[in-house]
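What follows is the content of run30.csv, which has CSV, C-alpha atoms (C1' of nucleotides) and all ligand atoms:
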```
chain,number,residue,atom,x,y,z
B,1,MET,CA,20.2,21.0,5.4
B,2,GLN,CA,22.7,19.0,3.5
B,3,ASN,CA,22.9,19.1,-0.2
B,4,THR,CA,22.7,16.2,-2.6
B,5,HIS,CA,26.4,15.8,-2.8
B,6,GLU,CA,26.9,15.6,0.9
B,7,LYS,CA,24.0,13.2,1.3
B,8,LEU,CA,25.5,10.9,-1.4
B,9,GLU,CA,28.9,11.0,0.5
B,10,LEU,CA,27.1,10.1,3.7
B,11,PHE,CA,25.5,7.2,1.8
B,12,VAL,CA,28.9,6.0,0.6
B,13,LYS,CA,30.3,6.3,4.1
B,14,LYS,CA,27.4,4.4,5.6
B,15,CYS,CA,27.6,1.6,3.0
B,16,LYS,CA,31.3,1.1,3.8
B,17,GLU,CA,30.5,1.0,7.5
B,18,ILE,CA,27.8,-1.6,7.1
B,19,GLY,CA,29.7,-3.5,4.4
B,20,LEU,CA,27.2,-2.8,1.6
B,21,LYS,CA,28.6,-2.4,-1.9
B,22,ILE,CA,28.4,0.9,-3.6
B,23,THR,CA,26.9,0.2,-6.9
B,24,PRO,CA,25.9,2.7,-9.6
B,25,GLN,CA,22.3,1.5,-9.3
B,26,ARG,CA,22.2,2.2,-5.6
B,27,LEU,CA,23.7,5.6,-6.1
B,28,ALA,CA,21.3,6.3,-8.9
B,29,VAL,CA,18.1,5.3,-7.0
B,30,TYR,CA,19.2,7.4,-4.0
B,31,GLU,CA,20.1,10.3,-6.1
B,32,VAL,CA,16.8,10.3,-7.9
B,33,LEU,CA,15.0,10.3,-4.6
B,34,LEU,CA,17.2,13.0,-3.2
B,35,LYS,CA,16.3,15.2,-6.1
B,36,SER,CA,12.6,14.6,-6.1
B,37,TYR,CA,10.3,16.4,-3.6
B,38,ASN,CA,7.1,14.8,-4.6
B,39,HIS,CA,7.3,11.5,-2.8
B,40,PRO,CA,7.4,9.4,-5.9
B,41,THR,CA,6.2,5.9,-6.4
B,42,VAL,CA,8.6,3.0,-7.1
B,43,GLU,CA,7.5,3.1,-10.8
B,44,GLU,CA,8.3,6.8,-11.0
B,45,ILE,CA,11.7,6.4,-9.5
B,46,TYR,CA,12.3,3.5,-11.9
B,47,GLU,CA,11.4,5.6,-14.9
B,48,GLU,CA,13.8,8.3,-13.7
B,49,VAL,CA,16.6,5.9,-13.0
B,50,LYS,CA,16.2,4.4,-16.5
B,51,LYS,CA,17.1,7.7,-18.0
B,52,MET,CA,20.6,7.1,-16.6
B,53,TYR,CA,20.7,3.3,-16.7
B,54,PRO,CA,18.3,2.1,-19.4
B,55,TYR,CA,18.9,-1.5,-18.5
B,56,VAL,CA,18.1,-1.3,-14.9
B,57,SER,CA,15.4,-3.6,-13.6
B,58,LEU,CA,12.3,-2.6,-11.7
B,59,ALA,CA,13.1,-5.3,-9.1
B,60,THR,CA,16.5,-3.7,-8.5
B,61,VAL,CA,14.7,-0.4,-7.7
B,62,TYR,CA,12.4,-2.2,-5.3
B,63,ARG,CA,15.4,-3.9,-3.6
B,64,THR,CA,17.5,-0.8,-3.4
B,65,LEU,CA,14.7,1.2,-1.8
B,66,GLU,CA,14.2,-1.6,0.7
B,67,THR,CA,17.9,-1.5,1.5
B,68,LEU,CA,17.9,2.3,1.8
B,69,GLU,CA,15.0,2.1,4.1
B,70,LYS,CA,16.7,-0.5,6.2
B,71,ILE,CA,19.8,1.6,6.8
B,72,GLY,CA,17.6,4.6,7.5
B,73,LEU,CA,18.3,6.8,4.5
B,74,VAL,CA,14.8,6.9,3.1
B,75,LYS,CA,11.4,6.5,4.4
B,76,ARG,CA,8.5,4.7,3.0
B,77,VAL,CA,5.3,6.7,3.0
B,78,CYS,CA,2.0,5.2,2.2
B,79,PHE,CA,-1.0,7.4,2.9
B,80,TRP,CA,-2.8,7.5,-0.3
B,81,GLY,CA,-3.6,5.3,-3.3
B,82,ASN,CA,-2.3,1.8,-3.3
B,83,SER,CA,1.3,2.0,-4.2
B,84,ALA,CA,4.2,2.7,-1.9
B,85,ARG,CA,5.9,6.1,-2.1
B,86,TYR,CA,9.3,7.1,-0.8
B,87,ASP,CA,10.9,10.1,0.8
B,88,ALA,CA,14.6,10.8,1.1
B,89,ASN,CA,13.9,13.4,3.7
B,90,THR,CA,14.2,11.4,6.9
B,91,SER,CA,14.1,14.3,9.3
B,92,GLU,CA,10.9,14.6,11.3
B,93,HIS,CA,8.5,16.4,9.1
B,94,HIS,CA,4.9,16.2,8.1
B,95,HIS,CA,2.7,15.9,5.1
B,96,LEU,CA,-0.1,17.7,3.3
B,97,ILE,CA,-2.1,15.3,1.2
B,98,CYS,CA,-4.6,16.1,-1.6
B,99,GLU,CA,-7.4,13.6,-1.4
B,100,LYS,CA,-8.4,14.3,-5.0
B,101,CYS,CA,-5.2,13.8,-6.9
B,102,GLY,CA,-2.9,12.3,-4.2
B,103,ARG,CA,-0.3,15.0,-4.3
B,104,ILE,CA,1.9,14.9,-1.2
B,105,GLU,CA,3.7,18.0,0.0
B,106,ASP,CA,6.1,18.4,2.9
B,107,ILE,CA,5.0,20.7,5.6
B,108,ASP,CA,6.9,22.1,8.5
B,109,LEU,CA,4.6,22.2,11.5
B,110,GLU,CA,5.7,24.5,14.3
B,111,GLN,CA,3.3,22.8,16.7
B,112,LYS,CA,4.9,19.8,18.3
B,113,LEU,CA,3.2,16.9,20.0
B,114,ALA,CA,4.7,15.5,23.2
B,115,ILE,CA,4.4,11.8,22.7
B,116,PRO,CA,5.0,9.7,25.9
B,117,GLU,CA,7.7,7.0,25.5
B,118,ASN,CA,5.2,4.4,26.6
B,119,LEU,CA,1.7,4.4,25.3
B,120,GLN,CA,-0.8,1.5,25.6
B,121,GLY,CA,2.1,-0.9,26.1
B,122,PHE,CA,3.9,0.5,23.0
B,123,LYS,CA,7.4,1.8,23.1
B,124,THR,CA,7.1,4.8,20.8
B,125,HIS,CA,9.9,6.5,18.8
B,126,SER,CA,8.4,8.9,16.3
B,127,TYR,CA,5.2,10.3,14.9
B,128,SER,CA,3.9,11.8,11.8
B,129,VAL,CA,1.0,14.1,11.0
B,130,ASN,CA,-0.9,13.9,7.8
B,131,ILE,CA,-3.1,16.8,6.9
B,132,TYR,CA,-5.8,16.0,4.4
B,133,GLY,CA,-7.4,18.5,2.0
B,134,LEU,CA,-7.6,19.7,-1.6
B,135,CYS,CA,-4.7,21.1,-3.4
B,136,SER,CA,-5.1,24.5,-5.2
B,137,GLU,CA,-5.2,22.8,-8.6
B,138,CYS,CA,-7.9,20.4,-7.6
B,139,GLN,CA,-9.9,23.2,-6.0
B,140,SER,CA,-10.1,25.1,-9.3
B,141,ASN,CA,-10.9,21.9,-11.2
B,142,GLN,CA,-13.8,21.3,-8.9
B,143,GLN,CA,-15.3,24.7,-9.4
B,144,ALA,CA,-15.5,24.1,-13.2
R,145,MET,CA,-20.8,6.7,21.0
R,146,GLN,CA,-23.4,4.9,19.0
R,147,ASN,CA,-23.8,1.2,19.1
R,148,THR,CA,-23.6,-1.2,16.1
R,149,HIS,CA,-27.4,-1.3,15.8
R,150,GLU,CA,-27.7,2.4,15.6
R,151,LYS,CA,-24.9,2.7,13.1
R,152,LEU,CA,-26.5,0.1,10.9
R,153,GLU,CA,-29.8,2.0,11.0
R,154,LEU,CA,-28.0,5.2,10.1
R,155,PHE,CA,-26.4,3.3,7.2
R,156,VAL,CA,-29.8,2.1,6.0
R,157,LYS,CA,-31.2,5.7,6.3
R,158,LYS,CA,-28.2,7.1,4.4
R,159,CYS,CA,-28.6,4.5,1.6
R,160,LYS,CA,-32.3,5.4,1.1
R,161,GLU,CA,-31.4,9.0,1.0
R,162,ILE,CA,-28.8,8.6,-1.7
R,163,GLY,CA,-30.6,5.9,-3.6
R,164,LEU,CA,-28.3,3.0,-2.8
R,165,LYS,CA,-29.8,-0.4,-2.5
R,166,ILE,CA,-29.7,-2.1,0.9
R,167,THR,CA,-28.3,-5.5,0.2
R,168,PRO,CA,-27.4,-8.2,2.8
R,169,GLN,CA,-23.8,-8.1,1.5
R,170,ARG,CA,-23.5,-4.4,2.2
R,171,LEU,CA,-24.9,-4.7,5.6
R,172,ALA,CA,-22.6,-7.6,6.4
R,173,VAL,CA,-19.5,-5.8,5.3
R,174,TYR,CA,-20.3,-2.8,7.3
R,175,GLU,CA,-21.3,-4.8,10.3
R,176,VAL,CA,-18.1,-6.8,10.3
R,177,LEU,CA,-16.1,-3.6,10.2
R,178,LEU,CA,-18.2,-2.0,12.9
R,179,LYS,CA,-17.4,-4.9,15.2
R,180,SER,CA,-13.7,-5.1,14.5
R,181,TYR,CA,-11.3,-2.8,16.2
R,182,ASN,CA,-8.1,-3.8,14.6
R,183,HIS,CA,-8.3,-2.0,11.2
R,184,PRO,CA,-8.6,-5.2,9.1
R,185,THR,CA,-7.5,-5.7,5.6
R,186,VAL,CA,-10.0,-6.3,2.8
R,187,GLU,CA,-9.1,-10.0,2.9
R,188,GLU,CA,-9.8,-10.2,6.6
R,189,ILE,CA,-13.1,-8.6,6.2
R,190,TYR,CA,-13.9,-10.9,3.3
R,191,GLU,CA,-13.1,-14.0,5.5
R,192,GLU,CA,-15.4,-12.7,8.2
R,193,VAL,CA,-18.2,-11.9,5.9
R,194,LYS,CA,-18.0,-15.3,4.3
R,195,LYS,CA,-18.9,-16.9,7.6
R,196,MET,CA,-22.4,-15.3,7.2
R,197,TYR,CA,-22.5,-15.3,3.4
R,198,PRO,CA,-20.3,-18.1,2.1
R,199,TYR,CA,-21.0,-17.2,-1.5
R,200,VAL,CA,-20.0,-13.6,-1.2
R,201,SER,CA,-17.4,-12.4,-3.7
R,202,LEU,CA,-14.1,-10.7,-2.8
R,203,ALA,CA,-14.9,-8.1,-5.5
R,204,THR,CA,-18.1,-7.3,-3.7
R,205,VAL,CA,-16.2,-6.6,-0.5
R,206,TYR,CA,-13.8,-4.3,-2.4
R,207,ARG,CA,-16.8,-2.5,-4.0
R,208,THR,CA,-18.7,-2.2,-0.8
R,209,LEU,CA,-15.8,-0.7,1.1
R,210,GLU,CA,-15.3,1.8,-1.7
R,211,THR,CA,-19.0,2.7,-1.5
R,212,LEU,CA,-18.9,3.0,2.2
R,213,GLU,CA,-15.9,5.2,2.1
R,214,LYS,CA,-17.5,7.4,-0.6
R,215,ILE,CA,-20.5,8.1,1.6
R,216,GLY,CA,-18.3,8.7,4.6
R,217,LEU,CA,-19.1,5.7,6.8
R,218,VAL,CA,-15.7,4.1,6.8
R,219,LYS,CA,-12.2,5.3,6.3
R,220,ARG,CA,-9.4,3.8,4.4
R,221,VAL,CA,-6.2,3.6,6.4
R,222,CYS,CA,-2.9,2.6,4.8
R,223,PHE,CA,0.1,3.3,7.0
R,224,TRP,CA,1.8,0.0,7.0
R,225,GLY,CA,2.4,-3.0,4.8
R,226,ASN,CA,1.0,-2.9,1.3
R,227,SER,CA,-2.6,-3.7,1.5
R,228,ALA,CA,-5.4,-1.3,2.4
R,229,ARG,CA,-7.0,-1.4,5.8
R,230,TYR,CA,-10.3,0.0,6.8
R,231,ASP,CA,-11.8,1.6,9.9
R,232,ALA,CA,-15.4,2.2,10.7
R,233,ASN,CA,-14.5,4.7,13.3
R,234,THR,CA,-14.8,8.0,11.4
R,235,SER,CA,-14.5,10.3,14.3
R,236,GLU,CA,-11.2,12.2,14.5
R,237,HIS,CA,-8.9,9.9,16.3
R,238,HIS,CA,-5.3,8.7,15.9
R,239,HIS,CA,-3.2,5.6,15.6
R,240,LEU,CA,-0.4,3.8,17.2
R,241,ILE,CA,1.4,1.5,14.8
R,242,CYS,CA,3.8,-1.3,15.5
R,243,GLU,CA,6.6,-1.2,13.0
R,244,LYS,CA,7.4,-4.8,13.6
R,245,CYS,CA,4.1,-6.6,13.3
R,246,GLY,CA,1.9,-3.9,11.8
R,247,ARG,CA,-0.6,-3.9,14.6
R,248,ILE,CA,-2.7,-0.7,14.5
R,249,GLU,CA,-4.4,0.6,17.6
R,250,ASP,CA,-6.6,3.6,18.2
R,251,ILE,CA,-5.3,6.2,20.4
R,252,ASP,CA,-7.1,9.2,21.9
R,253,LEU,CA,-4.7,12.1,22.0
R,254,GLU,CA,-5.7,14.9,24.3
R,255,GLN,CA,-3.3,17.3,22.5
R,256,LYS,CA,-4.9,18.9,19.6
R,257,LEU,CA,-3.3,20.5,16.6
R,258,ALA,CA,-4.7,23.7,15.2
R,259,ILE,CA,-4.5,23.3,11.5
R,260,PRO,CA,-5.1,26.5,9.4
R,261,GLU,CA,-7.9,26.1,6.9
R,262,ASN,CA,-5.5,27.2,4.2
R,263,LEU,CA,-2.0,25.8,4.0
R,264,GLN,CA,0.4,26.1,1.0
R,265,GLY,CA,-2.6,26.6,-1.2
R,266,PHE,CA,-4.4,23.5,0.2
R,267,LYS,CA,-7.9,23.8,1.6
R,268,THR,CA,-7.5,21.5,4.6
R,269,HIS,CA,-10.3,19.6,6.4
R,270,SER,CA,-8.8,17.0,8.7
R,271,TYR,CA,-5.6,15.5,10.0
R,272,SER,CA,-4.4,12.3,11.5
R,273,VAL,CA,-1.4,11.5,13.7
R,274,ASN,CA,0.4,8.3,13.4
R,275,ILE,CA,2.7,7.3,16.2
R,276,TYR,CA,5.2,4.6,15.4
R,277,GLY,CA,6.8,2.2,17.8
R,278,LEU,CA,6.9,-1.4,19.1
R,279,CYS,CA,4.0,-3.1,20.6
R,280,SER,CA,4.5,-4.9,23.9
R,281,GLU,CA,4.4,-8.3,22.3
R,282,CYS,CA,7.1,-7.4,19.8
R,283,GLN,CA,9.2,-5.9,22.6
R,284,SER,CA,9.3,-9.2,24.4
R,285,ASN,CA,9.9,-11.1,21.3
R,286,GLN,CA,12.9,-8.9,20.5
R,287,GLN,CA,14.5,-9.5,23.8
R,288,ALA,CA,14.5,-13.3,23.3
A,289,DA,C1',-46.5,-9.0,-9.8
A,290,DT,C1',-43.8,-6.5,-13.2
A,291,DA,C1',-40.3,-3.6,-15.0
A,292,DG,C1',-36.3,-1.1,-14.7
A,293,DA,C1',-32.2,0.0,-12.3
A,294,DA,C1',-28.6,-1.4,-9.6
A,295,DA,C1',-25.7,-4.8,-7.4
A,296,DT,C1',-23.7,-9.4,-7.2
A,297,DG,C1',-20.6,-13.3,-8.3
A,298,DA,C1',-17.4,-15.3,-11.1
A,299,DT,C1',-13.6,-14.5,-13.6
A,300,DA,C1',-10.3,-12.0,-16.2
A,301,DA,C1',-7.2,-8.3,-16.4
A,302,DA,C1',-4.3,-5.0,-14.5
A,303,DT,C1',-1.1,-3.4,-10.9
A,304,DA,C1',2.1,-3.9,-7.4
A,305,DT,C1',5.4,-6.5,-4.9
A,306,DT,C1',8.5,-10.4,-3.7
A,307,DA,C1',11.1,-14.7,-4.6
A,308,DT,C1',14.2,-17.3,-7.4
A,309,DT,C1',18.1,-18.1,-10.0
A,310,DG,C1',22.2,-18.1,-12.6
A,311,DA,C1',25.8,-14.9,-13.8
A,312,DA,C1',28.9,-11.3,-12.7
A,313,DA,C1',31.7,-8.8,-9.5
A,314,DA,C1',34.4,-8.4,-5.6
A,315,DG,C1',37.0,-10.2,-1.9
A,316,DT,C1',40.4,-14.0,0.0
A,317,DT,C1',43.6,-17.4,0.2
A,318,DT,C1',47.3,-19.7,-1.6
K,319,DA,C1',47.7,-14.4,-10.6
K,320,DA,C1',44.6,-18.5,-10.2
K,321,DA,C1',41.2,-20.9,-7.6
K,322,DC,C1',37.7,-20.4,-4.5
K,323,DT,C1',34.2,-18.1,-1.7
K,324,DT,C1',30.9,-14.6,-0.9
K,325,DT,C1',28.0,-10.9,-2.2
K,326,DT,C1',25.3,-8.5,-5.4
K,327,DC,C1',23.0,-8.1,-9.8
K,328,DA,C1',19.4,-8.3,-13.3
K,329,DA,C1',15.9,-10.8,-15.4
K,330,DT,C1',12.2,-13.5,-14.9
K,331,DA,C1',8.8,-16.0,-12.5
K,332,DA,C1',5.7,-16.1,-9.0
K,333,DT,C1',2.6,-14.1,-5.8
K,334,DA,C1',-0.4,-10.6,-3.9
K,335,DT,C1',-3.5,-6.9,-4.4
K,336,DT,C1',-6.9,-4.3,-6.8
K,337,DT,C1',-10.0,-3.2,-10.6
K,338,DA,C1',-12.8,-4.2,-14.7
K,339,DT,C1',-16.1,-7.0,-17.3
K,340,DC,C1',-20.4,-9.1,-18.0
K,341,DA,C1',-24.2,-12.3,-17.5
K,342,DT,C1',-27.4,-13.1,-13.9
K,343,DT,C1',-29.8,-11.9,-9.7
K,344,DT,C1',-31.8,-8.9,-6.5
K,345,DC,C1',-33.9,-4.8,-5.0
K,346,DT,C1',-37.4,-1.2,-5.1
K,347,DA,C1',-40.9,1.6,-7.0
K,348,DT,C1',-45.0,1.2,-9.4
L,1,MN,MN,8.2,14.3,3.0
L,2,MN,MN,-8.9,3.7,14.1
L,3,ZN,ZN,-5.0,17.7,-5.9
L,4,ZN,ZN,4.1,-5.6,17.2
```
Using structure tokens, write down the structure that the file contains.
Amino acid sequence: MQNTHEKLELFVKKCKEIGLKITPQRLAVYEVLLKSYNHPTVEEIYEEVKKMYPYVSLATVYRTLETLEKIGLVKRVCFWGNSARYDANTSEHHHLICEKCGRIEDIDLEQKLAIPENLQGFKTHSYSVNIYGLCSECQSNQQA
Amino acid sequence: MQNTHEKLELFVKKCKEIGLKITPQRLAVYEVLLKSYNHPTVEEIYEEVKKMYPYVSLATVYRTLETLEKIGLVKRVCFWGNSARYDANTSEHHHLICEKCGRIEDIDLEQKLAIPENLQGFKTHSYSVNIYGLCSECQSNQQA
DNA sequence: ATAGAAATGATAAATATTATTGAAAAGTTT
DNA sequence: AAACTTTTCAATAATATTTATCATTTCTAT
């Protein structure tokens, strides 16, 4: 597992390769996402970035996330609620989702699925497992 | 596997039990979803319902889908794009998603995952697998 | 048939996302 | 370095999606 600093260096390297400019905003958006483990919404990332760059625009955050996704450094996750959430952890991993509050946690599943490369005409390349349930907090709230 | 008619009867029965009124709009929305196997968006369901009830309101479709989900007759799926999609197939099954065009197909995976009832404090109750790839149509388009 | 409760339709409001645009920054050529 | 071209930026406008409001209609039990 790489640390934030190494990941940021990788980002800089990748940008140079592709010919993307390394702007403070891009770095800030990526850094915020690297440091957050709760799969934040665009709005949440925006609020965090604003602490460093108060004049940043929400549209810039949207654009940057789109760019980061395109070059494969972040993933868009969208299993709950109706706003997109992002994840800087691009390694194959799975999610535990609270159906009450929407909390999304990473989970490392030992069990692996063997997915055929071709399935119903699709050429497959990855899979993800979402496990649904109630987080501990929501469980205690429900009892009350 | 029940047919549409049986499912609609079950719906009527369930409504009576819970005290929900059986309105033509509700039946129409559910019927449209029962007959569609492509996980349509709300807008798509609305367009279909309008063919039967030209004066139906989009808000009613949203409301009805929410109600149907609440009583467990439909599921909201949201893995691609940024509008909700619905599925009247509530049995445990999984999905094949084309990352190019967003097509979502059902898939019957023989492999099963054994999910512990308790995981990281969560009380789990179900899981779903999303397999990502390119549909056959998008594969041929890409070669051109 | 009537009354009361609940649902609908039309529309407004709220959220979420994308497109546009002019300016600034960076890169190139001379 | 100046002039020119290209890329990116930020702000805003525009669009898309979802939810709330409320007067009216419909459903259901009596
Ligand atoms: Mn994750
Ligand atoms: Mn399905
Ligand atoms: Zn929760
Ligand atoms: Zn496709």
Any idea what's packed within 12 Å of Glu153 of chain R, counting all atoms listed in the file, ignoring anything in its chain fewer than 6 positions away? Could you give it as an NGL selection string?
-> :R and (146-147 or 159-160 or 166 or 171 or 174-175)
List the residues sitting within 12 Å of (-22.6, -9.2, -19.2) in the file's frame, using all atoms listed in the file, as a compact mmCIF listing (two decimals) with C-alpha atoms (C1' of nucleotides), keeping the file's coordinate frame.
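Output saved as result_29.txt:
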```
# COMPACT_ATOMS: atom_id res chain seq x y z
C1' DG A 297 -20.60 -13.30 -8.30
C1' DA A 298 -17.40 -15.30 -11.10
C1' DT A 299 -13.60 -14.50 -13.60
C1' DA K 338 -12.80 -4.20 -14.70
C1' DT K 339 -16.10 -7.00 -17.30
C1' DC K 340 -20.40 -9.10 -18.00
C1' DA K 341 -24.20 -12.30 -17.50
C1' DT K 342 -27.40 -13.10 -13.90
```
Could you pull the residues within 9 Å of DT305 of chain A, counting only C-alpha atoms (C1' of nucleotides), minus those fewer than 2 positions along the same chain, as JSON, numbers by chain?
-> {"B": [59, 62], "R": [226], "K": [333, 334, 335]}
Keeping C-alpha atoms (C1' of nucleotides) for every residue in the selection just given, could you write it to a file as a PDB file, in the coordinates of the input?
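Full text of out.pdb as output:
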```
ATOM      1  CA  ALA B  59      13.100  -5.300  -9.100  1.00  0.00           C
ATOM      2  CA  TYR B  62      12.400  -2.200  -5.300  1.00  0.00           C
TER       3      TYR B  62
ATOM      4  CA  ASN R 226       1.000  -2.900   1.300  1.00  0.00           C
TER       5      ASN R 226
ATOM      6  C1'  DT K 333       2.600 -14.100  -5.800  1.00  0.00           C
ATOM      7  C1'  DA K 334      -0.400 -10.600  -3.900  1.00  0.00           C
ATOM      8  C1'  DT K 335      -3.500  -6.900  -4.400  1.00  0.00           C
TER       9       DT K 335
END
```
Using all atoms listed in the file, which protein or nucleic acid residues are at most 10 Å from ligand ZN 3 (chain L), as an mmCIF file with C-alpha atoms, keeping the file's coordinate frame?
```cif
data_model
loop_
_atom_site.group_PDB
_atom_site.id
_atom_site.type_symbol
_atom_site.label_atom_id
_atom_site.label_comp_id
_atom_site.auth_asym_id
_atom_site.auth_seq_id
_atom_site.Cartn_x
_atom_site.Cartn_y
_atom_site.Cartn_z
ATOM 1 C CA ILE B 97 -2.100 15.300 1.200
ATOM 2 C CA CYS B 98 -4.600 16.100 -1.600
ATOM 3 C CA GLU B 99 -7.400 13.600 -1.400
ATOM 4 C CA LYS B 100 -8.400 14.300 -5.000
ATOM 5 C CA CYS B 101 -5.200 13.800 -6.900
ATOM 6 C CA GLY B 102 -2.900 12.300 -4.200
ATOM 7 C CA ARG B 103 -0.300 15.000 -4.300
ATOM 8 C CA ILE B 104 1.900 14.900 -1.200
ATOM 9 C CA GLY B 133 -7.400 18.500 2.000
ATOM 10 C CA LEU B 134 -7.600 19.700 -1.600
ATOM 11 C CA CYS B 135 -4.700 21.100 -3.400
ATOM 12 C CA SER B 136 -5.100 24.500 -5.200
ATOM 13 C CA GLU B 137 -5.200 22.800 -8.600
ATOM 14 C CA CYS B 138 -7.900 20.400 -7.600
ATOM 15 C CA GLN B 139 -9.900 23.200 -6.000
ATOM 16 C CA SER B 140 -10.100 25.100 -9.300
ATOM 17 C CA ASN B 141 -10.900 21.900 -11.200
ATOM 18 C CA GLN B 142 -13.800 21.300 -8.900
ATOM 19 C CA PHE R 266 -4.400 23.500 0.200
#
```
Report as a Markdown table: every residue of chain B with an atom at most 10 Å from ligand MN 1 (chain L), its closest pair of atoms, and their distance in Å to one decimal, counting only C-alpha atoms and all ligand atoms, with rows sorted by chain and ascending residue number.
```
| residue | atom | partner | partner_atom | distance |
| --- | --- | --- | --- | --- |
| B:Tyr37 | CA | L:MN1 | MN | 7.2 |
| B:Asn38 | CA | L:MN1 | MN | 7.7 |
| B:His39 | CA | L:MN1 | MN | 6.5 |
| B:Val74 | CA | L:MN1 | MN | 9.9 |
| B:Lys75 | CA | L:MN1 | MN | 8.5 |
| B:Arg76 | CA | L:MN1 | MN | 9.6 |
| B:Val77 | CA | L:MN1 | MN | 8.1 |
| B:Arg85 | CA | L:MN1 | MN | 9.9 |
| B:Tyr86 | CA | L:MN1 | MN | 8.2 |
| B:Asp87 | CA | L:MN1 | MN | 5.5 |
| B:Ala88 | CA | L:MN1 | MN | 7.5 |
| B:Asn89 | CA | L:MN1 | MN | 5.8 |
| B:Thr90 | CA | L:MN1 | MN | 7.7 |
| B:Ser91 | CA | L:MN1 | MN | 8.6 |
| B:Glu92 | CA | L:MN1 | MN | 8.7 |
| B:His93 | CA | L:MN1 | MN | 6.5 |
| B:His94 | CA | L:MN1 | MN | 6.4 |
| B:His95 | CA | L:MN1 | MN | 6.1 |
| B:Leu96 | CA | L:MN1 | MN | 9.0 |
| B:Ile104 | CA | L:MN1 | MN | 7.6 |
| B:Glu105 | CA | L:MN1 | MN | 6.6 |
| B:Asp106 | CA | L:MN1 | MN | 4.6 |
| B:Ile107 | CA | L:MN1 | MN | 7.6 |
| B:Asp108 | CA | L:MN1 | MN | 9.6 |
```
Write down, as a VMD selection string, each residue of chain R that has any atom within 12 Å of an atom of chain A, counting only C-alpha atoms (C1' of nucleotides).
-> chain R and resid 163 to 170 198 to 205 207 to 208 211 225 to 227
Mind giving me the straight-line distance from atom CA of Pro116 of chain B to atom CA of Trp224 of chain R in Å, one decimal?
-> 21.5 Å
Using only C-alpha atoms (C1' of nucleotides), which residue out of R:Ala228, R:Val273, R:Ile162, R:Leu217 lies closest to chain K?
-> R:Ala228
Mind pulling up the distance from atom CA of Tyr271 of chain R to atom CA of Leu65 of chain B?
-> 27.5 Å
With distances taken over only C-alpha atoms (C1' of nucleotides), which of K:DT343, K:DT325, K:DA331, K:DT348 is nearest to chain R?
->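 For chain R, the nearest of the candidates is K:DT343.
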At a cut-off of 8 Å, list the chain K residues touching chain B, using only C-alpha atoms (C1' of nucleotides), as a PyMOL selection string.
-> chain K and resi 326-329
Expressed in Å to a single decimal, how great is the separation between atom CA of Ile259 of chain R and atom CA of Ile131 of chain B?
->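 We find that atom CA of Ile259 of chain R and atom CA of Ile131 of chain B lie 8.1 Å from each other.
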Nearest to chain R by atom-to-atom distance, counting all atoms listed in the file, from B:Phe79, B:Glu110, B:Lys7, B:Lys70 | B:Phe79
Shortest contact to ligand ZN 4 (chain L), candidates B:Thr4, B:Thr124, B:Ser36, B:Thr41, atoms counted only C-alpha atoms and all ligand atoms, goes to B:Thr124
Considering only C-alpha atoms and all ligand atoms, state which residue in the set R:Leu152, R:Ile215, R:Leu178, R:Val193 is at the smallest distance from ligand MN 2 (chain L).
->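 For ligand MN 2 (chain L), the nearest of the given residues is R:Leu178.
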For ligand MN 2 (chain L), which residue among R:Gln255, R:Leu177, R:Tyr276, R:Val156 is the nearest when counting only C-alpha atoms and all ligand atoms?
->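 Answer, going by the shortest atom-to-atom distance: R:Leu177.
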